[in-house]
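Quick look at target_6.txt (compact mmCIF, C-alpha atoms):
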# COMPACT_ATOMS: atom_id res chain seq x y z
CA MET A 1068 -60.06 6.06 24.98
CA THR A 1069 -61.49 2.65 25.85
CA GLU A 1070 -65.20 2.88 25.06
CA PRO A 1071 -66.57 -0.25 23.48
CA GLY A 1072 -67.12 -0.01 19.77
CA LEU A 1073 -64.30 2.39 18.96
CA ASP A 1074 -61.52 0.84 17.00
CA PRO A 1075 -58.28 1.72 18.83
CA GLN A 1076 -56.52 1.48 15.47
CA ASP A 1077 -58.59 4.35 14.23
CA PRO A 1078 -56.68 7.51 15.12
CA TYR A 1079 -58.72 9.64 12.73
CA VAL A 1080 -62.06 8.86 14.37
CA GLU A 1081 -60.40 9.33 17.76
CA TRP A 1082 -59.10 12.71 16.63
CA ILE A 1083 -62.55 13.80 15.40
CA ALA A 1084 -64.09 12.82 18.74
CA ARG A 1085 -61.42 14.64 20.72
CA GLU A 1086 -61.80 17.84 18.70
CA ALA A 1087 -65.59 17.68 18.90
CA ARG A 1088 -65.42 17.43 22.70
CA ARG A 1089 -63.95 20.92 22.90
CA PRO A 1090 -66.33 23.44 24.45
CA VAL A 1091 -68.29 25.81 22.24
CA GLU A 1092 -69.44 29.34 22.81
CA LEU A 1093 -72.82 30.70 21.87
CA ALA A 1094 -74.14 34.25 22.19
CA PRO A 1095 -72.96 35.65 25.55
CA ASP A 1096 -76.46 36.82 26.46
CA LEU A 1097 -78.21 33.54 25.64
CA ARG A 1098 -78.41 32.35 29.27
CA ALA A 1099 -79.93 35.67 30.28
CA ARG A 1100 -82.42 35.50 27.41
CA ILE A 1101 -83.42 32.00 28.43
CA MET A 1102 -84.01 33.07 32.02
CA ASP A 1103 -85.95 36.15 30.86
CA ALA A 1104 -88.23 33.87 28.86
CA VAL A 1105 -88.57 31.53 31.85
CA ARG A 1106 -89.55 34.38 34.16
CA ALA A 1107 -92.20 35.47 31.65
CA THR A 1108 -93.72 31.97 31.70
CA PRO A 1109 -96.20 30.79 34.35
CA LEU A 1110 -94.75 28.52 37.00
CA PRO A 1111 -94.86 24.85 36.00
CA ALA A 1112 -97.63 22.82 37.61
CA ARG A 1113 -96.65 20.93 40.73
CA PRO A 1114 -96.66 17.15 40.45
CA ARG A 1115 -99.75 15.42 41.78
CA ARG A 1116 -99.84 12.24 43.78
CA GLY A 1117 -101.92 9.82 41.72
CA LEU A 1118 -105.08 10.63 39.86
CA GLY A 1119 -107.53 10.12 42.72
CA TRP A 1120 -108.32 13.80 42.93
CA PHE A 1121 -109.45 13.81 39.33
CA THR A 1122 -111.42 10.59 39.30
CA ALA A 1123 -113.20 10.88 42.62
CA PRO A 1124 -116.84 11.95 42.26
CA ARG A 1125 -117.20 15.65 42.85
CA PRO A 1126 -120.83 16.63 42.94
CA LEU A 1127 -120.26 20.34 43.50
CA ALA A 1128 -119.43 22.49 40.54
CA LEU A 1129 -118.28 25.35 42.76
CA SER A 1130 -117.02 25.26 46.28
CA PRO A 1131 -118.94 27.28 48.87
CA LEU A 1132 -115.92 29.55 49.18
CA THR A 1133 -115.85 30.20 45.47
CA SER A 1134 -119.57 30.80 45.42
CA SER A 1135 -119.38 33.27 48.24
CA LEU A 1136 -116.52 35.07 46.61
CA LEU A 1137 -118.49 35.20 43.39
CA ALA A 1138 -121.42 36.57 45.30
CA ALA A 1139 -119.15 39.21 46.68
CA GLY A 1140 -118.44 40.17 43.10
CA LEU A 1141 -114.69 40.01 43.34
CA VAL A 1142 -112.99 40.65 40.03
CA GLY A 1143 -111.16 37.67 38.56
CA ILE A 1144 -112.85 34.92 40.50
CA GLY A 1145 -115.12 34.17 37.56
CA VAL A 1146 -112.09 33.29 35.47
CA PHE A 1147 -110.83 30.94 38.17
CA ALA A 1148 -114.17 29.19 38.43
CA GLY A 1149 -114.29 28.78 34.67
CA LEU A 1150 -110.91 27.09 34.71
CA THR A 1151 -112.01 24.79 37.51
CA LEU A 1152 -115.02 23.70 35.51
CA THR A 1153 -112.94 23.06 32.44
CA HIS A 1154 -110.55 20.84 34.36
CA ARG A 1155 -113.34 18.79 35.82
CA ASP A 1156 -114.90 18.39 32.40
CA GLY A 1157 -111.61 17.17 31.06
CA ARG A 1158 -110.83 14.70 33.79
CA SER A 1159 -114.05 12.96 34.58
CA PRO A 1160 -116.71 13.52 31.95
CA ALA A 1161 -118.95 10.66 33.04
CA GLU A 1162 -119.29 12.09 36.50
CA GLN A 1163 -120.03 15.61 35.50
CA PRO A 1164 -123.33 16.99 36.62
CA VAL A 1165 -123.32 19.38 33.67
CA ALA A 1166 -125.05 17.96 30.62
CA VAL A 1167 -122.89 19.81 28.16
CA ALA A 1168 -119.76 18.09 29.43
CA ALA A 1169 -121.16 14.64 28.72
CA HIS A 1170 -122.09 15.49 25.14
CA PRO A 1171 -119.13 16.24 22.91
CA GLN A 1172 -121.28 17.58 20.07
CA LEU A 1173 -123.07 20.17 22.12
CA PRO A 1174 -121.53 23.59 21.97
CA GLY A 1175 -120.80 25.17 25.33
CA SER A 1176 -121.44 28.59 23.86
CA ASP A 1177 -120.99 30.41 20.57
CA SER A 1178 -117.27 30.72 21.14
CA VAL A 1179 -116.47 27.63 23.23
CA GLN A 1180 -117.19 24.03 22.39
CA VAL A 1181 -116.62 20.74 24.12
CA HIS A 1182 -114.25 18.35 22.39
CA GLU A 1183 -113.44 14.78 23.30
CA PHE A 1184 -109.92 13.51 22.73
CA VAL A 1185 -109.45 9.74 22.50
CA LEU A 1186 -106.31 7.65 22.22
CA GLN A 1187 -106.14 3.86 22.04
CA ALA A 1188 -103.20 2.93 24.28
CA PRO A 1189 -104.03 -0.17 26.31
CA THR A 1190 -100.48 -0.70 27.63
CA ALA A 1191 -99.90 2.87 28.81
CA SER A 1192 -99.75 3.51 32.54
CA ALA A 1193 -100.87 7.13 32.16
CA VAL A 1194 -101.71 9.49 29.32
CA SER A 1195 -102.11 13.23 29.40
CA LEU A 1196 -103.23 15.74 26.84
CA VAL A 1197 -100.99 18.70 26.04
CA GLY A 1198 -101.76 21.55 23.72
CA ASP A 1199 -101.86 25.25 23.12
CA PHE A 1200 -105.00 25.33 25.27
CA ASN A 1201 -103.16 24.21 28.44
CA ASP A 1202 -99.78 25.79 27.75
CA TRP A 1203 -98.38 22.37 26.89
CA SER A 1204 -98.54 21.34 30.51
CA GLU A 1205 -98.05 17.61 30.91
CA THR A 1206 -99.89 17.68 34.22
CA ALA A 1207 -102.87 19.93 33.51
CA THR A 1208 -105.06 17.47 31.61
CA PRO A 1209 -104.57 13.82 32.52
CA MET A 1210 -106.72 11.45 30.47
CA THR A 1211 -109.02 8.81 31.90
CA ARG A 1212 -108.65 5.16 30.94
CA THR A 1213 -111.72 3.27 29.80
CA ALA A 1214 -112.26 -0.47 30.26
CA ASP A 1215 -111.33 -1.17 26.62
CA GLY A 1216 -107.92 0.48 26.79
CA LYS A 1217 -108.87 3.90 25.45
CA TRP A 1218 -107.77 7.11 27.11
CA VAL A 1219 -110.27 9.93 27.04
CA ALA A 1220 -110.25 13.61 27.92
CA THR A 1221 -113.06 16.05 27.31
CA VAL A 1222 -112.14 19.71 27.30
CA LYS A 1223 -113.79 22.99 26.46
CA LEU A 1224 -111.97 24.71 23.63
CA PRO A 1225 -112.45 28.10 22.04
CA VAL A 1226 -113.70 27.81 18.46
CA GLY A 1227 -110.80 27.65 16.04
CA ARG A 1228 -107.66 25.69 15.35
CA HIS A 1229 -105.76 24.03 18.19
CA VAL A 1230 -102.50 22.13 18.18
CA TYR A 1231 -102.05 19.26 20.61
CA ALA A 1232 -100.29 15.98 21.37
CA PHE A 1233 -100.50 13.11 23.80
CA VAL A 1234 -97.93 12.30 26.47
CA VAL A 1235 -97.95 8.56 26.93
CA ASP A 1236 -96.29 6.97 29.96
CA GLY A 1237 -95.23 3.48 28.99
CA ALA A 1238 -92.47 0.96 29.63
CA THR A 1239 -89.82 3.28 28.21
CA GLY A 1240 -90.92 6.41 30.05
CA ALA A 1241 -93.01 9.35 28.97
CA LYS A 1242 -93.22 9.87 25.23
CA TRP A 1243 -94.87 12.65 23.27
CA MET A 1244 -96.85 11.49 20.29
CA PRO A 1245 -99.32 12.95 17.81
CA ASP A 1246 -102.90 11.77 17.55
CA PRO A 1247 -102.81 8.95 14.98
CA ALA A 1248 -106.42 9.75 14.08
CA ALA A 1249 -105.90 13.44 13.37
CA LEU A 1250 -104.21 15.80 10.98
CA GLN A 1251 -100.56 16.44 11.72
CA ALA A 1252 -99.49 20.00 12.46
CA PRO A 1253 -96.52 21.59 10.73
CA ASP A 1254 -93.28 21.02 12.65
CA ASP A 1255 -93.02 23.53 15.47
CA GLY A 1256 -89.39 22.83 16.27
CA PHE A 1257 -90.17 21.30 19.64
CA GLY A 1258 -88.96 17.87 18.73
CA THR A 1259 -92.12 15.85 18.32
CA PRO A 1260 -94.92 16.12 15.78
CA ASN A 1261 -98.24 17.57 16.92
CA SER A 1262 -101.81 17.18 15.75
CA VAL A 1263 -104.44 19.70 14.77
CA VAL A 1264 -108.07 19.92 15.82
CA LEU A 1265 -110.52 22.34 14.26
CA VAL A 1266 -113.23 23.23 16.73
CA GLY A 1267 -116.59 24.61 15.77
CA HIS A 1268 -116.64 24.41 12.01
CA GLY A 1269 -118.58 21.19 11.68
CA ASN A 1270 -115.30 19.33 11.44
CA ALA A 1271 -114.11 17.98 14.73
CA THR A 1272 -110.68 16.76 13.72
CA MET B 54 -81.55 14.48 47.37
CA THR B 55 -79.29 15.59 44.53
CA ASP B 56 -78.63 19.23 43.71
CA ASP B 57 -80.80 18.80 40.64
CA ALA B 58 -83.75 17.39 42.53
CA ALA B 59 -83.42 20.10 45.18
CA ASP B 60 -83.41 22.79 42.51
CA VAL B 61 -86.42 21.27 40.78
CA ARG B 62 -88.31 21.31 44.06
CA ARG B 63 -87.37 24.93 44.67
CA VAL B 64 -88.64 25.88 41.20
CA LEU B 65 -91.90 24.02 41.76
CA SER B 66 -92.25 25.81 45.09
CA GLY B 67 -92.17 29.12 43.29
CA ASP B 68 -88.47 30.00 43.26
CA VAL B 69 -87.97 30.69 39.56
CA ASP B 70 -84.34 31.69 40.11
CA ALA B 71 -83.53 28.12 41.14
CA TYR B 72 -84.04 27.27 37.48
CA ALA B 73 -81.00 29.42 36.66
CA ALA B 74 -78.87 26.97 38.66
CA LEU B 75 -80.15 24.11 36.51
CA VAL B 76 -79.54 26.08 33.33
CA ASP B 77 -75.99 26.95 34.44
CA ARG B 78 -75.24 23.35 35.35
CA TYR B 79 -76.15 21.93 31.95
CA TYR B 80 -75.77 24.87 29.58
CA ASP B 81 -72.24 24.13 28.35
CA GLN B 82 -72.86 20.46 27.73
CA CYS B 83 -76.14 21.12 25.94
CA ALA B 84 -74.58 23.93 23.90
CA ARG B 85 -71.78 21.65 22.73
CA TYR B 86 -74.15 18.90 21.69
CA ALA B 87 -76.45 21.34 19.87
CA VAL B 88 -73.61 22.96 17.94
CA ARG B 89 -72.02 19.64 16.98
CA MET B 90 -75.37 18.20 16.00
CA LEU B 91 -76.75 21.18 14.12
CA GLY B 92 -73.52 22.60 12.74
CA ASN B 93 -74.39 26.24 13.17
CA ARG B 94 -74.72 28.65 16.01
CA ASP B 95 -78.15 30.10 15.23
CA ASP B 96 -79.88 26.73 15.19
CA ALA B 97 -77.97 25.64 18.29
CA GLU B 98 -79.15 28.72 20.16
CA ASP B 99 -82.73 28.07 19.08
CA ALA B 100 -82.44 24.46 20.20
CA LEU B 101 -81.00 25.45 23.56
CA GLN B 102 -83.62 28.06 24.25
CA ALA B 103 -86.48 25.75 23.25
CA THR B 104 -85.01 22.90 25.31
CA PHE B 105 -84.76 24.88 28.52
CA MET B 106 -88.21 26.40 27.97
CA ARG B 107 -89.84 23.06 27.31
CA ALA B 108 -88.10 21.51 30.30
CA TYR B 109 -89.32 24.38 32.47
CA ARG B 110 -92.92 24.01 31.34
CA ALA B 111 -92.80 20.26 31.89
CA LEU B 112 -90.90 20.38 35.19
CA GLY B 113 -93.90 19.13 37.13
CA LYS B 114 -93.68 15.97 35.06
CA TYR B 115 -90.05 15.29 35.96
CA GLN B 116 -89.76 12.43 38.44
CA GLU B 117 -86.85 12.26 40.81
CA ARG B 118 -86.22 8.59 40.18
CA ASP B 119 -84.90 9.66 36.77
CA LYS B 120 -81.69 11.57 36.34
CA PHE B 121 -82.50 15.17 35.57
CA SER B 122 -79.62 15.31 33.10
CA ALA B 123 -81.01 12.35 31.15
CA TRP B 124 -84.49 13.85 31.18
CA LEU B 125 -83.18 17.20 29.94
CA TYR B 126 -81.04 15.51 27.32
CA ARG B 127 -84.00 13.66 25.93
CA ILE B 128 -85.68 16.98 25.32
CA LEU B 129 -82.52 18.41 23.76
CA VAL B 130 -82.03 15.44 21.45
CA ASN B 131 -85.61 15.77 20.22
CA GLN B 132 -85.22 19.50 19.67
CA CYS B 133 -82.07 18.96 17.66
CA ARG B 134 -83.67 16.18 15.60
CA SER B 135 -86.48 18.46 14.66
CA LEU B 136 -84.24 21.40 13.83
CA ALA B 137 -81.84 19.18 11.88
CA ALA B 138 -84.72 17.83 9.82
CA ARG B 139 -85.99 21.31 9.13
CA ARG B 140 -82.55 22.55 8.23
CA SER B 141 -81.86 19.67 5.86
CA GLN B 142 -84.98 20.63 3.96
CA ARG B 143 -84.00 24.28 3.93
CA ASP B 144 -80.35 23.99 3.14
CA LYS B 145 -78.46 20.82 2.45
CA VAL B 146 -75.15 22.56 1.90
CA PHE B 147 -72.88 23.30 4.82
CA VAL B 148 -72.24 27.01 4.83
CA ARG B 149 -68.59 27.70 5.36
CA GLU B 150 -69.24 31.20 6.68
CA GLU B 151 -71.23 29.79 9.54
CA ALA B 152 -68.30 27.68 10.63
CA VAL B 153 -66.00 30.70 10.55
CA LEU B 154 -68.45 32.62 12.72
CA LEU B 155 -68.78 29.66 15.01
CA ASN B 156 -65.05 29.45 15.61
CA ALA B 157 -64.25 33.13 15.90
CA THR B 158 -64.65 33.14 19.69
CA ASP B 159 -62.85 29.87 20.25
CA GLU B 160 -59.79 31.11 18.40
CA ARG B 161 -59.46 34.06 20.70
CA ALA B 162 -60.20 32.07 23.81
CA THR B 163 -57.63 29.36 23.16
CA PRO B 164 -54.21 30.62 22.11
CA GLY B 165 -52.51 28.30 19.70
CA TRP B 166 -55.83 26.80 18.61
CA SER B 167 -56.16 27.56 14.95
CA GLY B 168 -59.88 26.95 14.65
CA GLU B 169 -59.30 25.30 11.28
CA ASP B 170 -59.39 21.86 12.81
CA GLU B 171 -62.68 22.54 14.51
CA GLU B 172 -64.13 23.94 11.32
CA PHE B 173 -63.05 20.80 9.53
CA VAL B 174 -64.44 18.56 12.25
CA GLN B 175 -67.72 20.41 12.20
CA ARG B 176 -67.91 19.98 8.45
CA VAL B 177 -67.27 16.26 8.41
CA LEU B 178 -69.80 15.79 11.22
CA SER B 179 -72.33 17.78 9.22
CA GLU B 180 -71.81 15.47 6.28
CA LEU B 181 -72.98 12.48 8.31
CA ASP B 182 -76.58 11.39 8.17
CA PRO B 183 -78.31 13.05 11.18
CA LEU B 184 -79.15 9.75 12.86
CA LEU B 185 -75.55 8.56 12.53
CA ARG B 186 -74.27 11.90 13.76
CA GLU B 187 -76.61 11.81 16.74
CA ALA B 188 -75.44 8.32 17.75
CA PHE B 189 -71.78 9.23 17.25
CA LEU B 190 -72.08 12.39 19.35
CA LEU B 191 -73.94 10.70 22.18
CA LYS B 192 -71.38 7.90 22.28
CA TYR B 193 -68.07 9.67 21.76
CA ILE B 194 -68.66 13.27 22.66
CA GLU B 195 -71.17 12.93 25.49
CA GLU B 196 -69.67 9.52 26.36
CA LEU B 197 -72.95 7.86 27.26
CA SER B 198 -73.41 4.11 27.58
CA TYR B 199 -75.52 2.39 24.95
CA GLU B 200 -78.17 1.78 27.60
CA GLU B 201 -78.29 5.48 28.39
CA MET B 202 -78.45 6.29 24.69
CA SER B 203 -81.29 3.85 24.24
CA ALA B 204 -83.28 5.38 27.09
CA LEU B 205 -82.66 8.80 25.59
CA THR B 206 -83.53 8.11 21.98
CA GLY B 207 -86.01 5.26 22.24
CA VAL B 208 -83.81 3.32 19.79
CA GLY B 209 -82.60 -0.19 20.61
CA VAL B 210 -79.02 -0.84 21.72
CA SER B 211 -78.08 -2.97 18.70
CA ALA B 212 -79.41 -0.35 16.28
CA LEU B 213 -77.43 2.33 18.11
CA LYS B 214 -74.24 0.26 17.95
CA MET B 215 -74.79 -0.14 14.24
CA ARG B 216 -75.25 3.60 13.81
CA VAL B 217 -72.08 4.39 15.74
CA LYS B 218 -70.14 1.88 13.69
CA ARG B 219 -71.50 3.26 10.44
CA ALA B 220 -70.68 6.79 11.55
CA ALA B 221 -67.11 5.76 12.31
CA ASP B 222 -66.91 3.98 8.94
CA ARG B 223 -68.11 7.09 7.13
CA LEU B 224 -65.58 9.24 8.95
CA ARG B 225 -62.83 6.79 8.10
CA GLU B 226 -63.85 6.73 4.44
CA ARG B 227 -63.77 10.48 4.44
CA TRP B 228 -60.26 10.42 5.85
CA GLU B 229 -59.15 7.96 3.19
CA ARG B 230 -60.54 10.21 0.48
CA ILE B 231 -58.67 13.21 1.82
CA LYS B 232 -55.43 11.25 2.01
CA HIS B 233 -55.72 10.31 -1.63
CA ASP B 234 -56.77 13.72 -2.92
Kindly transcribe the structure held in the file into structure tokens.
Amino acid sequence: MTEPGLDPQDPYVEWIAREARRPVELAPDLRARIMDAVRATPLPARPRRGLGWFTAPRPLALSPLTSSLLAAGLVGIGVFAGLTLTHRDGRSPAEQPVAVAAHPQLPGSDSVQVHEFVLQAPTASAVSLVGDFNDWSETATPMTRTADGKWVATVKLPVGRHVYAFVVDGATGAKWMPDPAALQAPDDGFGTPNSVVLVGHGNAT
Amino acid sequence: MTDDAADVRRVLSGDVDAYAALVDRYYDQCARYAVRMLGNRDDAEDALQATFMRAYRALGKYQERDKFSAWLYRILVNQCRSLAARRSQRDKVFVREEAVLLNATDERATPGWSGEDEEFVQRVLSELDPLLREAFLLKYIEELSYEEMSALTGVGVSALKMRVKRAADRLRERWERIKHD
């Protein structure tokens, strides 16, 4: 072996490396279990080209099509519209026509409140918010950069405890990180620490 | 377009089964790293399952200018770090029975392979500090360059070289101890 750093006079280390390169076998059904779990998970979000869609002013809360479908009383469309509103709240709070979205302290309802997430990361090229509320999707909730280098996302969250993290795109690629200003969640085994937000109990973080 | 990129696109277009091709392509390599890093089969299986699930959920984030294997490996390395940390809190002693279980299949699959050597290797690897073990495995078992390791771990090249050297030193010291016992 000729890799730099390995002492060729070190047959023991060489032997360890050679033995450790042998293949291993795990449970025979593990691949099938992984694919079963994958099939039970919603399809990952498609990548988006830039953030223009999110930051462009969008004066309409509901498209005419959605409105007409709502008027037709079709089951399920209400859920879709609710999701659409939540995404717009999260991505462009300053441009929202809905007062509640611009005011983080104002509850959206008894069971849902608006929460603003903020991260100071002036050198990041993009930041997104991931959490149990968006199925840990790195594309669902991109954050908006402010002039002073903060990244902000405002989302509607059900009252209760939520676990989240930030995905920061910087010089070394995307990196998951906890919110330095929040409580840290117990390790979930997913490799990076997460943060905790308590919504709706008079204690925002 | 590489096979990986084509498969990622198929998955994102709604073909979930294309993900099975990605899993098949990297399963063995990931399994080996997880077992060598974590030292037991149960944790390695947990790490593998969580890695492929997290990669699937984040697939929309994967960018084709990056190697899929490196992207997946970064997730795996983080999973194993977390599990290793949890395990070291739970149980600092290497459990011999786990090694026997781990090697039972290999013994049958490879005639003439006693399994004792692998058990021993697994034990001495488990005795290394996790960060040293990680660097050693990435360098000498996965045979990555230091630049690739740095991109994967977020640790600088010189620090990684130091870890690999220290890992080799520890292994050598261990060998010296055995020789004199």
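From CA of Met1102 (chain A) back to CA of Glu171 (chain B), the distance works out to 29.5 Å.
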My list of candidates is A:Ser1204, A:Thr1190, A:Thr1213, A:Gln1180. Which is closest to Thr1108 (chain A) when distances are computed with all atoms listed in the file?
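For Thr1108 (chain A), the nearest of the candidates is A:Ser1204.
Across the model, the gap from CA of Pro1109 (chain A) to CA of Asp77 (chain B) is 20.6 Å.
Atom to atom, CA of Cys83 (chain B) and CA of Pro1245 (chain A) stand 25.9 Å apart.
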Expected answer as a ChimeraX atom specification: chain B residues within 8 Å of chain A, all atoms listed in the file:
/B:64-67,69,72-73,76-77,80-82,84-85,88-89,94,98,102-107,109-114,128,130-136,155,158-159,170-171,174-175,193-195,204,207,214,217-218,221,224-225,228
Counting only C-alpha atoms, figure out which residue out of B:Arg62, B:Arg219, B:Arg176, B:Lys192 gets nearest to Tyr86 (chain B).
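Under the stated criterion, the closest residue is B:Lys192.
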Around the point (-77.7, 1.1, 24.9), in the coordinates given by the file, pick out the residues reaching within 12 Å, counting only C-alpha atoms, and return them as a VMD selection string.
(chain A and resid 1071 to 1072) or (chain B and resid 188 191 to 192 196 to 217)
Could you tell me which of B:Leu190, B:Ala123, B:Ala220, B:Leu178 comes closest to Gly92 (chain B) if we count only C-alpha atoms?
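Among the listed residues, B:Leu178 lies closest to Gly92 (chain B).
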Between B:Glu226, B:Ala74, B:Leu129, B:Val177, single out the one closest to Leu101 (chain B), counting all atoms listed in the file.
B:Leu129
Which protein, DNA or RNA residues are at most 12 Å from (-80.2, 20.5, 43.8) in the file's coordinates when you count only C-alpha atoms, listed as an MDAnalysis selection string?
chainID B and resid 54:64 71:76 78 117 120:122
Convert the current residue selection to file output with C-alpha atoms, as a short mmCIF file (atom, residue, chain, number, x, y, z; two decimals), in the frame of the given file.
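Generated file (part.cif):
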data_model
loop_
_atom_site.label_atom_id
_atom_site.label_comp_id
_atom_site.auth_asym_id
_atom_site.auth_seq_id
_atom_site.Cartn_x
_atom_site.Cartn_y
_atom_site.Cartn_z
CA MET B 54 -81.55 14.48 47.37
CA THR B 55 -79.29 15.59 44.53
CA ASP B 56 -78.63 19.23 43.71
CA ASP B 57 -80.80 18.80 40.64
CA ALA B 58 -83.75 17.39 42.53
CA ALA B 59 -83.42 20.10 45.18
CA ASP B 60 -83.41 22.79 42.51
CA VAL B 61 -86.42 21.27 40.78
CA ARG B 62 -88.31 21.31 44.06
CA ARG B 63 -87.37 24.93 44.67
CA VAL B 64 -88.64 25.88 41.20
CA ALA B 71 -83.53 28.12 41.14
CA TYR B 72 -84.04 27.27 37.48
CA ALA B 73 -81.00 29.42 36.66
CA ALA B 74 -78.87 26.97 38.66
CA LEU B 75 -80.15 24.11 36.51
CA VAL B 76 -79.54 26.08 33.33
CA ARG B 78 -75.24 23.35 35.35
CA GLU B 117 -86.85 12.26 40.81
CA LYS B 120 -81.69 11.57 36.34
CA PHE B 121 -82.50 15.17 35.57
CA SER B 122 -79.62 15.31 33.10
#
